[in-house]
Each structure stands twice: as C-alpha cells, then as structure tokens.
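I have placed the structure first, in the form of structure tokens, so that the comments after it can refer back to it.
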Amino acid sequence: MKKMKNKITTTLLIGLTLFSCADLDVSNSNAPDQERALAKPADVESLIRSTFLTFWQGTHLSGNSWFIATQGDANSCSWGNWGMRELSSEPRIAHNNSPAWGYAGAADDLWYGLYAAISSAKDGLSALNSGITLNTESDSNADTRANIFAKWVMGISHAMIALHHDQGFIITEETDFAQGTPELSDYNAVMAAAITMLEGVISEANANSSVSIPEDWLHISSFTMADLAMVTHSLIARYKAGVARNATERAAVDWAGVSSNAAKGTSFAPVGDTQYWWSYTHYYGGAHSYWTRADYRFIGPSDQSGRFQTWLGDNSAATVQGRSEIFIVTDDKRIVGGGAAEDSLDQTPGKYMFNTGYAFLVPSRGTYHRSYYLINKTAEYAAIEVAPMKDLVQQELDLLIAEGYLRAGDAASAATQINLSRVGIGEMTASAASDGLGSDTDAPSALDGASLWAKYKYEKLMEGNQTNPWLNYTDRRGWTGPIGNDYGGGLLPGTPVHYPLPGKELEVLLMDPYTFGGQDNLSDPGTASHKMKEGSGFRNRGFFIEFKERDRLINKTDLKS
C-alpha cells in the first residue's frame, strides 16, 4: 500500500479573527461568524481539544522539519523534497523566500500551523471568558482543563515561532484586534512571552494536579495536569537553551533556570495512530534506506580510524566536493553493535543505526551527501506506527543539566551527567573530571582523550537526533562562533540562523522581501539580505483547521531531484 499526506478540512473555525493592516479595510465574507460557530459548549471543547494536534502537525508534519534537520547536519539528504537539496547543499545558499519558489509551502507550514494553533486557543479562551461553561454534573473540571490546555498550546506555539523565525506576533487571550494591530517582536521578546505563558501554565496545572487530560487530547493515556506541568518544565528547559542564535547568546542563557526546569521535567511522546497522529521525522527519517542517512558530521566525531578527519580535510570547496562515503571505526554501540570492525560486512547494527554497506544517494547531487549509515532509532514506531513518537527524551534533560554544570565549571557533576548516555547507552569508556572541562569552542568528539565539552556536544547531538526535528539545528546554532567559522560543532557557514516571515505573508503585510543565509552573506547578521521595514502591522487571516491525513507512503518514485 502507498501512503502520503492529504488535507481533510474539519468544521471547526479558526483564524486570526479578521485582522487587517492598519491602512486596509479587509473583511472575509466566507468566514462563519465566530459567536455562532462557538455557541455550544461541545464546539468550544472540540476546538480547544484540537489545538495540540494542530501544533503537532505544524512541527512534525511541516516541510520545515525536514530541511531544518539537514541544515543541522543530523540527516544527510540530497532529494529535492521540501527544499532539502537546495537548503542543505554546500556551499550554503540563501533561503528562497519567494512565494513562487517550488517549495515555498514547506517553508510556510510552520508559521501558519503555529498561528492556527494560537488562534484556535485564543478563540476557545474567549468563548470560556464569555460565559460558556463546559462543566457538567459528571465533570466539574472541564472548564479548568480546557483553560489550562489552551494556554499551554499558546505558550509552546509562541516558543516554536521564536525558535524558527527572526520575529513574530505575540498574541494573548487579552489581545484586542479592534484596538489596533500588534507589532512584530523579535525572537527574544517572543520567547520571553512564551516562557511567561508556560510558567503560568505550570502554576495552574500544579494547583489542579489531579485533573485528567483525555487521551485524545494528547494521544497519551493516563495523563494529568501534574504530568503536563512536568512536560512544561522540560519544554521550558529546551526553549531557554535553544533560542540562542550563536555561542555568545548561548553562554548568556539562564543556565540555572535551564537546569532547574530540566530536573523537574519528564519525557514526552504522543502515540501515533497511522492517520492524523504521525511524524515525518520518526517515520521517514528513521526506517527508510532510500530516504535519509546519518550525516558524517553527526557520527564522524566517534571515528577512531582517522577517516573522518581526512573526510573533513580543510573544509575548502574542493575538499567538500571531493568527499564521499566512508566506513568509520567506533566503540559507540549506538552506531556499531559489535567491535570496531572496519569492513562493512563485519559491522553489526548499533542501537540507533547501522551500516547498510551502500550509500544510495545519487552521486551527481553531491557525493558529500552520501553516507553508509542509516538511522533506525525510531524503528519501533515506524514498524507499527502506533508506538510512542518520542519528541522529548530523558537524555535531552540529563544533558541540558550537564551543560549547566559545564558552564558553572563543575567537571565532576558534568561527567556524571554525560555518562548517563555515554556509558549507559553508548557503552563507551566513562568520562571523568580528569578529562578536563575544555571549552565551549571544542568540536564534538566521542574519543577517550577528548574534553568534557567535546564529549558533551557529541552526546547532545546523538541523543537529540530523530527526536524533535529542530534539536540538532538549535544546538549547533548555539555553538556557532564568529560568522564564517565552522568551529565548535556549529552550523556550517552560510546557514541561516533563523528564518524570515513567509514571503506570501510579507506580501499581505506590505513589507519588503527579505531572507537569510548564503555563503555570500556571511558578514550580515543572521546572513539577512534585506532589513525589515519598521512599523508594519498585522493582517486578517480567517481559515479552517486542516488536519493532514496520510493515505500512502512516499516511495522511491516520489523522491525529487
């Protein structure tokens, strides 16, 4: 059977409630009246219940989730789908922010998906505040549940806008569009607003800790507000660390806050249903040998043979174009299961990946994309599609705490945290305080003689891979040094450190086009080629929730050059 995504429109109205640019009189005669659409308690509850699935599909089913993973050198792929070939090729090119770009939809999905979730949550909260009650004789907690849940989705959606885009609109339940149009805020301001929202959710959730959240709201069984509070602690830790655009910003992060939230957190993994609750990352990225491979920048730092260092070379254009697939020798049991054999026929599968013995990706598209190693970390989910989709794992929290210790100069505690995965999963020699702290400019390395910083970075990339699509990218972004330098395991020169508002949104907002990225723009902040026009307003957008249902698998014939 073949499957792919299709869109099925539900009857639930969402939108940004008839916003318009300050100098335009815009209406939408096709949008149903909000008061009538949300007049019944069941409609309001359905709307709020849908908000997380809208968020999930906006992140795990958006085209952004594919090209961001390749730009973070997690996966290597030269297929054209979702702009991967263009955006992950070397030397890096600027992001094409034209609405006419063939993959513009991939770049737009996240923005519109997240604001759809925000809009739905706001509309649901407005309905509750208007006097509609969801409480019944059998469920006196329905209003409380819906209120906290909607606020949570608003918080995590704003946080993802801040992680991916250079700026965004801050929308709260108090936002009154009749009083004027919100101004754009930069990513730091959007993230600060998101964290404030999520800290409020933690307080409210803990105050109602025993209130249950139905399984179909998150696709997790036996889940309570106490659990939601712990997951929110985890996400705050992720977001606080991940918002940094370079090494200077990452060093300035509130690491005590990151560590405190990570220590109070827990893992998070909605269960797939093969239809609406699914993930590109966990399905296609983790099981299909013809789709993506492990990037050598990801697994190469564990190599003991010297081949990876030869593969890296001097990073010149000639060296890059001359790279091809290599066998690596490693003690990391996540890559190779038994021994450090050099021959492909002798390398047994590791816990997270295996050597296929062939590189597959077409050489004419760049041999530097090619890799022998297939990541099958999510094979449990991909095989049956009704297993947990592990967006956030305990190892991510353990390693965020490790980075906090490294920043504080506590080598012994950092080593203990690093060893939870290095030894506990990778079965490698334990790190120790005697390894030396090293520096946050150290490149990732799994080798015994490496510094704690180097071992930490390797572990963070390894354990974050194939979980949340943005994680390897945001980590590398936060380790990126001076513009043009590929040191410390950072993003490759010319990679955008964030993405602009979608081109079609700029047209609607009457704003100048702009973008980021490209080898020729290394000296520009964020590698932007144009500056934003100040004082731009907000625009009306009324639309329906569209959930994406997969009805066939993408196969080899769907791969685009």
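Residue names in the structure tokens use chain letters A, B, ... in the order shown, residue numbers from 1 in each chain, and ligand numbers from 1 in the order shown.
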Write down as JSON, numbers by chain the residues of range 108-219 of chain A whose backbone DSSP state falls under helix (DSSP H, G or I).
{"A": [108, 109, 110, 111, 112, 113, 114, 115, 116, 117, 118, 119, 120, 121, 122, 123, 124, 125, 126, 127, 128, 129, 142, 143, 144, 145, 146, 147, 148, 149, 150, 151, 152, 153, 154, 155, 156, 157, 158, 159, 160, 161, 162, 163, 164, 177, 178, 179, 187, 188, 189, 190, 191, 192, 193, 194, 195, 196, 197, 198, 199, 200, 201, 202, 203, 204, 205, 206, 207, 215, 216, 217, 218]}
Could you list, as an NGL selection string, every residue within 10 Å of range 428-431 of chain A, counting only C-alpha atoms and ignoring same-chain residues fewer than 4 positions away?
:A and (330-334 or 411-412 or 414-424 or 435-436 or 446-452 or 455-456)
Let me see the file: selected residues, N, CA, C and O atoms, as a short mmCIF file (atom, residue, chain, number, x, y, z; two decimals), in the first residue's frame.
data_model
loop_
_atom_site.label_atom_id
_atom_site.label_comp_id
_atom_site.auth_asym_id
_atom_site.auth_seq_id
_atom_site.Cartn_x
_atom_site.Cartn_y
_atom_site.Cartn_z
N THR A 330 34.39 2.75 15.52
CA THR A 330 33.90 3.38 16.75
C THR A 330 33.56 2.35 17.81
O THR A 330 33.18 1.22 17.49
N ASP A 331 33.68 2.77 19.07
CA ASP A 331 33.25 1.94 20.19
C ASP A 331 31.81 2.26 20.60
O ASP A 331 31.29 1.62 21.52
N ASP A 332 31.20 3.23 19.97
CA ASP A 332 29.85 3.65 20.34
C ASP A 332 28.85 2.61 19.86
O ASP A 332 28.63 2.43 18.66
N LYS A 333 28.25 1.90 20.81
CA LYS A 333 27.31 0.83 20.48
C LYS A 333 26.01 1.34 19.88
O LYS A 333 25.18 0.55 19.43
N ARG A 334 25.83 2.64 19.85
CA ARG A 334 24.66 3.19 19.17
C ARG A 334 24.85 3.20 17.66
O ARG A 334 23.89 3.26 16.90
N ALA A 411 33.25 20.09 36.80
CA ALA A 411 33.63 18.99 35.92
C ALA A 411 33.09 17.65 36.40
O ALA A 411 32.62 16.83 35.60
N ALA A 412 33.17 17.38 37.69
CA ALA A 412 32.76 16.08 38.20
C ALA A 412 31.27 15.84 37.97
O ALA A 412 30.86 14.76 37.53
N ALA A 414 29.36 17.36 35.75
CA ALA A 414 29.13 17.29 34.31
C ALA A 414 29.44 15.89 33.79
O ALA A 414 28.67 15.33 32.99
N ALA A 415 30.55 15.31 34.23
CA ALA A 415 30.93 13.96 33.79
C ALA A 415 29.87 12.94 34.17
O ALA A 415 29.54 12.04 33.39
N THR A 416 29.34 13.06 35.37
CA THR A 416 28.30 12.14 35.82
C THR A 416 27.09 12.20 34.90
O THR A 416 26.52 11.16 34.51
N GLN A 417 26.67 13.41 34.53
CA GLN A 417 25.52 13.57 33.65
C GLN A 417 25.82 13.04 32.25
O GLN A 417 24.98 12.38 31.63
N ILE A 418 26.99 13.32 31.74
CA ILE A 418 27.37 12.87 30.40
C ILE A 418 27.37 11.34 30.33
O ILE A 418 26.94 10.74 29.34
N ASN A 419 27.81 10.70 31.41
CA ASN A 419 27.94 9.24 31.41
C ASN A 419 26.59 8.52 31.42
O ASN A 419 26.53 7.33 31.12
N LEU A 420 25.53 9.22 31.77
CA LEU A 420 24.22 8.58 31.76
C LEU A 420 23.89 8.01 30.38
O LEU A 420 23.30 6.94 30.26
N SER A 421 24.30 8.72 29.33
CA SER A 421 24.09 8.20 27.98
C SER A 421 25.38 7.64 27.38
O SER A 421 25.35 6.60 26.70
N ARG A 422 26.51 8.29 27.62
CA ARG A 422 27.78 7.83 27.04
C ARG A 422 28.08 6.40 27.47
O ARG A 422 28.45 5.56 26.63
N VAL A 423 27.89 6.11 28.73
CA VAL A 423 28.14 4.77 29.25
C VAL A 423 26.86 3.94 29.26
O VAL A 423 26.82 2.79 28.82
N GLY A 424 25.79 4.56 29.76
CA GLY A 424 24.54 3.82 29.94
C GLY A 424 23.92 3.34 28.64
O GLY A 424 23.24 2.31 28.62
N ASP A 435 39.31 14.45 32.59
CA ASP A 435 39.33 14.75 31.16
C ASP A 435 39.57 16.24 30.91
O ASP A 435 40.00 16.63 29.82
N GLY A 436 39.22 17.04 31.90
CA GLY A 436 39.33 18.48 31.74
C GLY A 436 38.05 19.06 31.16
O GLY A 436 37.43 18.45 30.29
N ALA A 446 33.72 11.86 20.57
CA ALA A 446 33.42 10.76 21.48
C ALA A 446 34.69 10.07 21.95
O ALA A 446 34.61 9.12 22.75
N LEU A 447 35.83 10.49 21.49
CA LEU A 447 37.09 9.80 21.78
C LEU A 447 37.49 9.96 23.24
O LEU A 447 37.22 10.99 23.87
N ASP A 448 38.16 8.97 23.76
CA ASP A 448 38.51 8.95 25.18
C ASP A 448 39.32 10.16 25.61
O ASP A 448 39.16 10.66 26.73
N GLY A 449 40.20 10.65 24.76
CA GLY A 449 41.07 11.75 25.13
C GLY A 449 40.44 13.13 24.98
O GLY A 449 41.09 14.15 25.26
N ALA A 450 39.17 13.18 24.59
CA ALA A 450 38.51 14.47 24.36
C ALA A 450 38.12 15.13 25.68
O ALA A 450 38.00 14.49 26.72
N SER A 451 37.89 16.42 25.61
CA SER A 451 37.45 17.19 26.78
C SER A 451 36.00 16.87 27.11
O SER A 451 35.26 16.27 26.32
N LEU A 452 35.57 17.30 28.29
CA LEU A 452 34.18 17.11 28.68
C LEU A 452 33.23 17.89 27.78
O LEU A 452 32.15 17.41 27.43
N LYS A 455 32.88 15.83 24.60
CA LYS A 455 32.06 14.63 24.80
C LYS A 455 30.60 15.00 25.02
O LYS A 455 29.69 14.30 24.54
N TYR A 456 30.40 16.09 25.73
CA TYR A 456 29.02 16.56 25.93
C TYR A 456 28.35 16.87 24.61
O TYR A 456 27.20 16.45 24.35
#
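Distance-wise, CA of Asp442 in chain A and CA of Trp479 in chain A end up 9.2 Å apart.
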Using only C-alpha atoms, determine which residues lie at most 8 Å from range 376-381 of chain A, disregarding the query and same-chain residues fewer than 5 positions distant; provide the list as a list in words.
Gly272, His282, Tyr283, Gly285, Gly286, Ala287, Lys351, Tyr352, Met353, Phe354, Val386, Ala387, Pro388, Met389 and Gln466 of chain A
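Residues lying within 10 Å of range 398-401 of chain A, counting only C-alpha atoms and ignoring same-chain neighbours fewer than 6 positions away, are Ser234, Ala237, Arg238, Ala241, Trp255, Ala256, Gly257, Val258, Ser259, Ser260, Asn261, Ala262, Ala263, Gly265, Arg407, Ser413, Ala414, Thr416, Gln417, Ile418, Asn419, Leu420, Ser421, Tyr456, Lys457, Glu459, Lys460, Glu463 and Gly464 of chain A.
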Taking the DSSP assignment computed from this structure's backbone, write out as a PyMOL selection string all residues of range 138-174 of chain A that belong to strand (DSSP E or B).
chain A and resi 165+167-169
With only C-alpha atoms counted and 10 Å as the cut-off, give the residues of range 311-409 of chain A in contact with range 81-102 of chain A, each with its shortest interatomic distance in Å and the pair that gives it, as JSON lines.
{"residue": "A:Ser316", "atom": "CA", "partner": "A:Pro91", "partner_atom": "CA", "distance": 9.7}
{"residue": "A:Ala317", "atom": "CA", "partner": "A:Pro91", "partner_atom": "CA", "distance": 7.4}
{"residue": "A:Val320", "atom": "CA", "partner": "A:Glu90", "partner_atom": "CA", "distance": 7.5}
{"residue": "A:Gln321", "atom": "CA", "partner": "A:Glu90", "partner_atom": "CA", "distance": 8.3}
{"residue": "A:Arg365", "atom": "CA", "partner": "A:Arg85", "partner_atom": "CA", "distance": 8.1}
{"residue": "A:Gly366", "atom": "CA", "partner": "A:Ser89", "partner_atom": "CA", "distance": 7.8}
{"residue": "A:Tyr368", "atom": "CA", "partner": "A:Glu90", "partner_atom": "CA", "distance": 8.7}
{"residue": "A:His369", "atom": "CA", "partner": "A:Ser89", "partner_atom": "CA", "distance": 8.1}
Please identify all polymer residues within 12 Å of Arg323 in chain A, counting only C-alpha atoms, omitting same-chain residues fewer than 3 positions from it, and present them as a short mmCIF file (atom, residue, chain, number, x, y, z; two decimals) with all heavy atoms, in the first residue's frame.
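Result file is part.cif:
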data_model
loop_
_atom_site.label_atom_id
_atom_site.label_comp_id
_atom_site.auth_asym_id
_atom_site.auth_seq_id
_atom_site.Cartn_x
_atom_site.Cartn_y
_atom_site.Cartn_z
N GLU A 90 26.17 22.38 -0.21
CA GLU A 90 27.33 23.21 0.13
C GLU A 90 28.02 23.67 -1.15
O GLU A 90 28.16 22.89 -2.08
CB GLU A 90 28.30 22.41 1.00
CG GLU A 90 27.71 21.95 2.32
CD GLU A 90 28.69 21.12 3.15
OE1 GLU A 90 29.87 21.52 3.24
OE2 GLU A 90 28.27 20.07 3.67
N TYR A 296 27.81 12.50 8.24
CA TYR A 296 29.10 12.20 8.86
C TYR A 296 29.52 13.26 9.88
O TYR A 296 30.30 12.97 10.79
CB TYR A 296 30.18 12.02 7.80
CG TYR A 296 30.13 10.66 7.14
CD1 TYR A 296 29.85 10.53 5.78
CD2 TYR A 296 30.32 9.50 7.87
CE1 TYR A 296 29.78 9.29 5.17
CE2 TYR A 296 30.25 8.24 7.28
CZ TYR A 296 29.98 8.15 5.92
OH TYR A 296 29.90 6.91 5.33
N ARG A 297 29.02 14.48 9.75
CA ARG A 297 29.31 15.48 10.78
C ARG A 297 28.65 15.10 12.10
O ARG A 297 29.07 15.56 13.16
CB ARG A 297 28.83 16.86 10.33
CG ARG A 297 29.68 17.48 9.24
CD ARG A 297 29.24 18.90 8.93
NE ARG A 297 30.09 19.49 7.91
CZ ARG A 297 31.24 20.10 8.14
NH1 ARG A 297 31.68 20.19 9.39
NH2 ARG A 297 31.95 20.60 7.16
N ARG A 307 39.66 8.34 9.33
CA ARG A 307 38.99 8.61 8.07
C ARG A 307 38.12 9.87 8.13
O ARG A 307 38.01 10.61 7.16
CB ARG A 307 38.13 7.41 7.65
CG ARG A 307 38.93 6.15 7.32
CD ARG A 307 38.03 5.12 6.64
NE ARG A 307 38.75 3.87 6.45
CZ ARG A 307 38.66 2.82 7.28
NH1 ARG A 307 37.88 2.90 8.34
NH2 ARG A 307 39.34 1.72 7.05
N PHE A 308 37.48 10.06 9.28
CA PHE A 308 36.62 11.23 9.38
C PHE A 308 37.43 12.52 9.29
O PHE A 308 37.02 13.48 8.64
CB PHE A 308 35.83 11.21 10.69
CG PHE A 308 35.00 12.45 10.92
CD1 PHE A 308 34.00 12.82 10.05
CD2 PHE A 308 35.25 13.28 12.02
CE1 PHE A 308 33.24 13.98 10.25
CE2 PHE A 308 34.51 14.43 12.24
CZ PHE A 308 33.51 14.78 11.36
N GLN A 309 38.60 12.55 9.92
CA GLN A 309 39.44 13.74 9.83
C GLN A 309 39.89 13.99 8.39
O GLN A 309 39.95 15.13 7.93
CB GLN A 309 40.65 13.62 10.75
CG GLN A 309 40.31 13.73 12.23
CD GLN A 309 39.61 15.03 12.58
OE1 GLN A 309 39.98 16.10 12.08
NE2 GLN A 309 38.60 14.96 13.44
N THR A 310 40.18 12.91 7.68
CA THR A 310 40.53 13.04 6.26
C THR A 310 39.33 13.54 5.47
O THR A 310 39.46 14.38 4.57
CB THR A 310 41.01 11.70 5.70
OG1 THR A 310 42.15 11.27 6.45
CG2 THR A 310 41.37 11.80 4.23
N TRP A 311 38.16 13.01 5.80
CA TRP A 311 36.91 13.43 5.14
C TRP A 311 36.67 14.92 5.36
O TRP A 311 36.31 15.64 4.43
CB TRP A 311 35.76 12.60 5.71
CG TRP A 311 34.41 12.82 5.09
CD1 TRP A 311 33.86 12.15 4.04
CD2 TRP A 311 33.41 13.77 5.52
NE1 TRP A 311 32.59 12.61 3.79
CE2 TRP A 311 32.28 13.61 4.68
CE3 TRP A 311 33.36 14.72 6.53
CZ2 TRP A 311 31.12 14.36 4.83
CZ3 TRP A 311 32.21 15.49 6.68
CH2 TRP A 311 31.11 15.31 5.82
N LEU A 312 36.90 15.41 6.57
CA LEU A 312 36.74 16.83 6.86
C LEU A 312 37.74 17.67 6.09
O LEU A 312 37.39 18.69 5.50
CB LEU A 312 36.92 17.10 8.36
CG LEU A 312 35.74 16.84 9.29
CD1 LEU A 312 36.16 17.13 10.72
CD2 LEU A 312 34.54 17.70 8.91
N GLY A 313 39.01 17.24 6.10
CA GLY A 313 40.05 17.99 5.42
C GLY A 313 40.13 19.42 5.91
O GLY A 313 39.97 19.71 7.10
N ASP A 314 40.34 20.35 4.99
CA ASP A 314 40.45 21.75 5.37
C ASP A 314 39.15 22.52 5.15
O ASP A 314 39.12 23.74 5.27
CB ASP A 314 41.58 22.42 4.58
CG ASP A 314 41.34 22.38 3.06
OD1 ASP A 314 40.28 21.86 2.64
OD2 ASP A 314 42.22 22.85 2.32
N ASN A 315 38.08 21.80 4.87
CA ASN A 315 36.76 22.40 4.65
C ASN A 315 36.73 23.34 3.45
O ASN A 315 35.79 24.14 3.30
CB ASN A 315 36.27 23.15 5.90
CG ASN A 315 35.72 22.20 6.94
OD1 ASN A 315 35.01 21.26 6.63
ND2 ASN A 315 36.09 22.44 8.20
N SER A 316 37.71 23.27 2.60
CA SER A 316 37.70 24.09 1.38
C SER A 316 36.64 23.57 0.42
O SER A 316 36.14 22.44 0.55
CB SER A 316 39.06 24.05 0.70
OG SER A 316 39.34 22.75 0.22
N ALA A 317 36.29 24.38 -0.56
CA ALA A 317 35.29 23.98 -1.54
C ALA A 317 35.70 22.70 -2.26
O ALA A 317 34.88 21.81 -2.49
CB ALA A 317 35.05 25.11 -2.54
N ALA A 318 36.97 22.61 -2.59
CA ALA A 318 37.45 21.41 -3.29
C ALA A 318 37.35 20.18 -2.40
O ALA A 318 36.97 19.09 -2.86
CB ALA A 318 38.90 21.63 -3.74
N THR A 319 37.69 20.35 -1.12
CA THR A 319 37.59 19.23 -0.19
C THR A 319 36.15 18.78 -0.05
O THR A 319 35.86 17.58 -0.07
CB THR A 319 38.15 19.63 1.19
OG1 THR A 319 39.53 19.93 1.06
CG2 THR A 319 37.97 18.49 2.18
N VAL A 320 35.25 19.73 0.11
CA VAL A 320 33.83 19.39 0.28
C VAL A 320 33.33 18.60 -0.92
O VAL A 320 32.68 17.55 -0.78
CB VAL A 320 32.99 20.66 0.48
CG1 VAL A 320 31.50 20.33 0.40
CG2 VAL A 320 33.32 21.32 1.81
N ILE A 326 32.35 6.91 3.76
CA ILE A 326 33.47 6.25 4.44
C ILE A 326 32.92 5.31 5.50
O ILE A 326 31.81 5.49 6.01
CB ILE A 326 34.41 7.27 5.12
CG1 ILE A 326 33.62 8.16 6.11
CG2 ILE A 326 35.15 8.11 4.09
CD1 ILE A 326 34.48 9.08 6.96
N PRO A 363 25.17 10.20 -6.69
CA PRO A 363 26.45 10.92 -6.64
C PRO A 363 26.43 12.27 -7.33
O PRO A 363 27.07 13.22 -6.89
CB PRO A 363 27.42 9.96 -7.34
CG PRO A 363 26.81 8.61 -7.17
CD PRO A 363 25.33 8.83 -7.23
N GLY A 366 25.97 15.49 -5.38
CA GLY A 366 26.94 15.84 -4.35
C GLY A 366 27.32 14.62 -3.55
O GLY A 366 26.53 14.15 -2.73
N THR A 367 28.53 14.09 -3.78
CA THR A 367 28.93 12.89 -3.06
C THR A 367 29.10 13.16 -1.57
O THR A 367 29.09 12.23 -0.75
CB THR A 367 30.24 12.33 -3.63
OG1 THR A 367 31.25 13.35 -3.59
CG2 THR A 367 30.06 11.86 -5.06
N TYR A 368 29.25 14.44 -1.18
CA TYR A 368 29.40 14.75 0.23
C TYR A 368 28.12 14.48 1.02
O TYR A 368 28.14 14.42 2.25
CB TYR A 368 29.82 16.22 0.42
CG TYR A 368 28.88 17.22 -0.18
CD1 TYR A 368 27.80 17.72 0.54
CD2 TYR A 368 29.06 17.70 -1.48
CE1 TYR A 368 26.92 18.64 0.00
CE2 TYR A 368 28.19 18.63 -2.04
CZ TYR A 368 27.13 19.10 -1.30
OH TYR A 368 26.27 20.01 -1.85
N HIS A 369 26.99 14.32 0.31
CA HIS A 369 25.75 13.95 0.99
C HIS A 369 25.72 12.47 1.36
O HIS A 369 24.96 12.07 2.24
CB HIS A 369 24.55 14.21 0.07
CG HIS A 369 24.19 15.64 -0.11
ND1 HIS A 369 23.71 16.44 0.90
CD2 HIS A 369 24.20 16.42 -1.23
CE1 HIS A 369 23.45 17.64 0.44
NE2 HIS A 369 23.75 17.67 -0.85
N ARG A 370 26.53 11.67 0.68
CA ARG A 370 26.39 10.23 0.77
C ARG A 370 26.95 9.66 2.08
O ARG A 370 27.96 10.12 2.59
CB ARG A 370 27.06 9.55 -0.42
CG ARG A 370 26.32 9.79 -1.72
CD ARG A 370 27.15 9.49 -2.94
NE ARG A 370 27.61 8.12 -3.02
CZ ARG A 370 26.92 7.10 -3.54
NH1 ARG A 370 25.70 7.31 -4.01
NH2 ARG A 370 27.42 5.89 -3.59
N SER A 371 26.26 8.65 2.60
CA SER A 371 26.67 8.02 3.86
C SER A 371 26.23 6.57 3.85
O SER A 371 25.16 6.23 3.35
CB SER A 371 26.03 8.75 5.04
OG SER A 371 26.21 8.05 6.25
#
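Among A:His158, A:His165, A:Lys40, A:His60, the residue with the shortest atom-to-atom distance to Ile132 in chain A, counting only C-alpha atoms, is A:Lys40.
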